[in-house]
Amino acid sequence: MAESHATTYGLAHQFDDIEQQREAGTLGMWAFLITEILFFGGMFMAYVLYRTKDPDSFAFASAHLDWRLGGANTAVLIISSLTMALAVYYSQTGNREMLMVFLVLTMILGATFLGVKAYEYYHKYLDHLIPGSGFQWHGHGDPRHVQMFYFIYFIMTGIHALHMIIGLGIMTVILIMSKRGRFTPEYHSPVEISGLYWHFVDIVWIFLFPLLYLLGAHIHNQ
Amino acid sequence: MSVHVVSRKIYFGIFGALMVLTALTVWVANFALPGPLNAIVALSIAVLKATLVVLYFMHVRYSSKLTWVFVCAGIIWLIILFAFTLSDFLTRGWVPFATG
């Protein structure tokens, strides 16, 4: 990148230098992520309370979920976090081609996750496991508590999926900005901040996977 | 303070650790451990994975002190949410109330 404008390119007038601007941007994103931690935290809290009320029904309900699909999706998200981290690396080192390659890979993996999720939702629909008047449960456990498990399952994975969809939108914008050559090794904060968001959504799934999918795994072995 | 570029080797190492921990949590879930041990093990592994992501993928290990304060503040408020709610919910019934 040209040295002549490297010190000022991308620098908003209210900041002393690009380093101060990057710090402010990172802190701003973390402030937002804290609100997200507590937003998801409230739902995890609801999960803990209803699971405490009837742990066995939750385990039976969980055993009906396919842990292989959930596990595959966990792997997909962790790989997408790696490709996102590498995209940030290539934005820092000024390699525009590789930055775009890894942004596209991240988006493909994100779309794969959503595809698997849609497949799972469809089969829950076929099995009459959507909470509401059409809900049916013939397995073990109290149907009311099983329905509460599926209510929490759909809300939490649904809002997580919404975050993934928003993430794909953000990545599209970053990809277009990359294509237009808007990032330099000095100015790449948008890539890094979008990466923070992507990794956060990955962390939410890291907790959702064992709590929703693996809760009843031992039942199959009895 | 210039930007700290985390090497690709570290990223691949963390990725490997995350995949191993995922396999571990799936494997452990197949056994019916006594009491709340299943949940404790699953949550411990999840917390470890999340810590790795926050420290390395999200660069917090290499970030300023103020970033650390922000991250810790979020976690502390989450702990307050869980601790205060559960201290009510789990202790209901400990003290008998006269009704009527």
# chains A, B, ... in the order shown; residues from 1 in each chain; ligands from 1
>>> residues_around(residues="Ile78 of chain A", least_positions_apart="2", cutoff="8 Å", atoms="only C-alpha atoms", output="NGL selection string")
(:A and (74-76 or 80-82 or 202)) or (:B and (15 or 18-19))
>>> interface_residues(of="chain B", to="chain A", cutoff="8 Å", atoms="only C-alpha atoms", output="short mmCIF file (atom, residue, chain, number, x, y, z; two decimals) with N, CA and C atoms, in the first residue's frame")
data_model
loop_
_atom_site.label_atom_id
_atom_site.label_comp_id
_atom_site.auth_asym_id
_atom_site.auth_seq_id
_atom_site.Cartn_x
_atom_site.Cartn_y
_atom_site.Cartn_z
N MET B 1 1.62 1.46 20.32
CA MET B 1 1.14 0.09 20.25
C MET B 1 0.55 -0.18 18.86
N SER B 2 1.25 -0.99 18.10
CA SER B 2 0.72 -1.32 16.77
C SER B 2 -0.09 -2.61 16.87
N VAL B 3 -0.82 -2.91 15.79
CA VAL B 3 -1.71 -4.06 15.83
C VAL B 3 -0.90 -5.35 15.90
N VAL B 5 -0.41 -8.99 14.99
CA VAL B 5 -0.88 -9.98 14.02
C VAL B 5 -0.64 -11.36 14.60
N VAL B 6 -1.75 -12.09 14.87
CA VAL B 6 -1.64 -13.45 15.39
C VAL B 6 -1.27 -14.38 14.24
N SER B 7 -0.28 -15.23 14.49
CA SER B 7 0.21 -16.09 13.40
C SER B 7 -0.81 -17.16 13.04
N ARG B 8 -0.71 -17.66 11.80
CA ARG B 8 -1.63 -18.69 11.33
C ARG B 8 -1.45 -19.98 12.13
N TYR B 11 -3.69 -19.89 15.05
CA TYR B 11 -5.09 -20.10 14.64
C TYR B 11 -5.38 -21.58 14.39
N PHE B 12 -4.47 -22.26 13.69
CA PHE B 12 -4.69 -23.68 13.40
C PHE B 12 -4.61 -24.52 14.67
N PHE B 15 -7.84 -24.03 16.51
CA PHE B 15 -8.87 -24.77 15.77
C PHE B 15 -8.81 -26.26 16.11
N LEU B 18 -10.19 -26.88 19.55
CA LEU B 18 -11.66 -26.76 19.58
C LEU B 18 -12.31 -28.03 19.04
N MET B 19 -11.74 -28.60 17.97
CA MET B 19 -12.31 -29.82 17.38
C MET B 19 -12.15 -31.00 18.34
N THR B 22 -14.64 -30.66 21.10
CA THR B 22 -15.99 -30.99 20.62
C THR B 22 -16.18 -32.51 20.62
N THR B 25 -16.57 -33.75 24.21
CA THR B 25 -17.87 -33.49 24.84
C THR B 25 -18.93 -34.44 24.29
N VAL B 26 -18.83 -34.80 23.00
CA VAL B 26 -19.77 -35.77 22.41
C VAL B 26 -19.54 -37.16 23.03
N ALA B 29 -20.73 -37.47 26.67
CA ALA B 29 -22.19 -37.43 26.83
C ALA B 29 -22.83 -38.81 26.72
N ASN B 30 -22.09 -39.80 26.19
CA ASN B 30 -22.65 -41.14 26.03
C ASN B 30 -22.74 -41.90 27.34
N PHE B 31 -22.08 -41.41 28.37
CA PHE B 31 -22.10 -42.10 29.65
C PHE B 31 -23.01 -41.39 30.62
N ALA B 32 -23.80 -42.15 31.37
CA ALA B 32 -24.65 -41.57 32.40
C ALA B 32 -23.82 -41.43 33.67
N ALA B 39 -23.68 -32.57 33.36
CA ALA B 39 -23.83 -31.15 33.06
C ALA B 39 -22.55 -30.38 33.40
N ALA B 42 -19.93 -31.14 30.67
CA ALA B 42 -20.30 -30.51 29.40
C ALA B 42 -20.07 -29.00 29.46
N LEU B 43 -20.47 -28.38 30.59
CA LEU B 43 -20.32 -26.92 30.71
C LEU B 43 -18.86 -26.52 30.86
N ALA B 46 -17.42 -26.54 27.46
CA ALA B 46 -17.94 -25.41 26.69
C ALA B 46 -17.27 -24.10 27.12
N VAL B 47 -17.08 -23.93 28.44
CA VAL B 47 -16.42 -22.71 28.94
C VAL B 47 -14.97 -22.65 28.44
N LYS B 49 -13.77 -24.04 25.69
CA LYS B 49 -13.81 -23.72 24.25
C LYS B 49 -14.06 -22.24 24.04
N ALA B 50 -15.05 -21.69 24.78
CA ALA B 50 -15.39 -20.27 24.63
C ALA B 50 -14.19 -19.40 25.00
N VAL B 53 -11.74 -19.30 22.16
CA VAL B 53 -12.22 -18.44 21.07
C VAL B 53 -12.02 -16.97 21.44
N VAL B 54 -12.40 -16.60 22.68
CA VAL B 54 -12.31 -15.19 23.10
C VAL B 54 -10.85 -14.73 23.14
N PHE B 57 -9.09 -16.26 18.89
CA PHE B 57 -9.79 -15.84 17.67
C PHE B 57 -10.25 -14.38 17.80
N MET B 58 -10.65 -13.97 19.02
CA MET B 58 -11.14 -12.61 19.20
C MET B 58 -10.04 -11.68 19.73
N LEU B 66 -8.26 -2.11 28.84
CA LEU B 66 -9.65 -1.65 28.83
C LEU B 66 -10.56 -2.68 28.16
N THR B 67 -10.06 -3.36 27.12
CA THR B 67 -10.84 -4.42 26.49
C THR B 67 -11.10 -5.54 27.48
N PHE B 70 -13.90 -4.59 29.75
CA PHE B 70 -15.20 -4.72 29.07
C PHE B 70 -15.65 -6.19 29.08
N VAL B 71 -14.77 -7.08 28.67
CA VAL B 71 -15.12 -8.50 28.57
C VAL B 71 -15.49 -9.06 29.94
N ALA B 73 -16.53 -7.41 32.54
CA ALA B 73 -17.79 -6.82 33.01
C ALA B 73 -18.98 -7.62 32.48
N GLY B 74 -18.94 -8.00 31.22
CA GLY B 74 -20.03 -8.78 30.64
C GLY B 74 -20.21 -10.10 31.35
N ILE B 75 -19.09 -10.78 31.63
CA ILE B 75 -19.15 -12.09 32.28
C ILE B 75 -19.66 -11.94 33.72
N TRP B 77 -21.68 -9.64 34.93
CA TRP B 77 -23.12 -9.40 34.94
C TRP B 77 -23.89 -10.68 34.64
N LEU B 78 -23.32 -11.53 33.79
CA LEU B 78 -23.96 -12.81 33.49
C LEU B 78 -24.00 -13.69 34.74
N LEU B 81 -26.67 -12.44 37.02
CA LEU B 81 -27.98 -12.89 36.54
C LEU B 81 -28.28 -14.31 37.01
N PHE B 82 -27.31 -15.22 36.82
CA PHE B 82 -27.51 -16.61 37.19
C PHE B 82 -27.54 -16.79 38.71
N LEU B 86 -30.92 -18.04 40.61
CA LEU B 86 -30.89 -19.40 41.16
C LEU B 86 -30.94 -19.39 42.69
N PHE B 89 -34.62 -19.29 43.14
CA PHE B 89 -35.35 -20.44 42.61
C PHE B 89 -35.02 -21.75 43.33
#
>>> select_by_dssp(residues="segment 57-168 of chain A", states="helix (DSSP H, G or I)", output="VMD selection string")
chain A and resid 57 to 63 67 to 92 96 to 126 143 to 168
>>> atom_distance(atom1="atom CA of Leu105 of chain A", atom2="atom CA of Ala87 of chain A")
9.4 Å
>>> residues_around(residues="Met107 of chain A", least_positions_apart="2", cutoff="12 Å", atoms="only C-alpha atoms", output="number ranges by chain")
A: 76-77, 79-81, 83-84, 87, 100-105, 109-114, 164-175, 195, 198
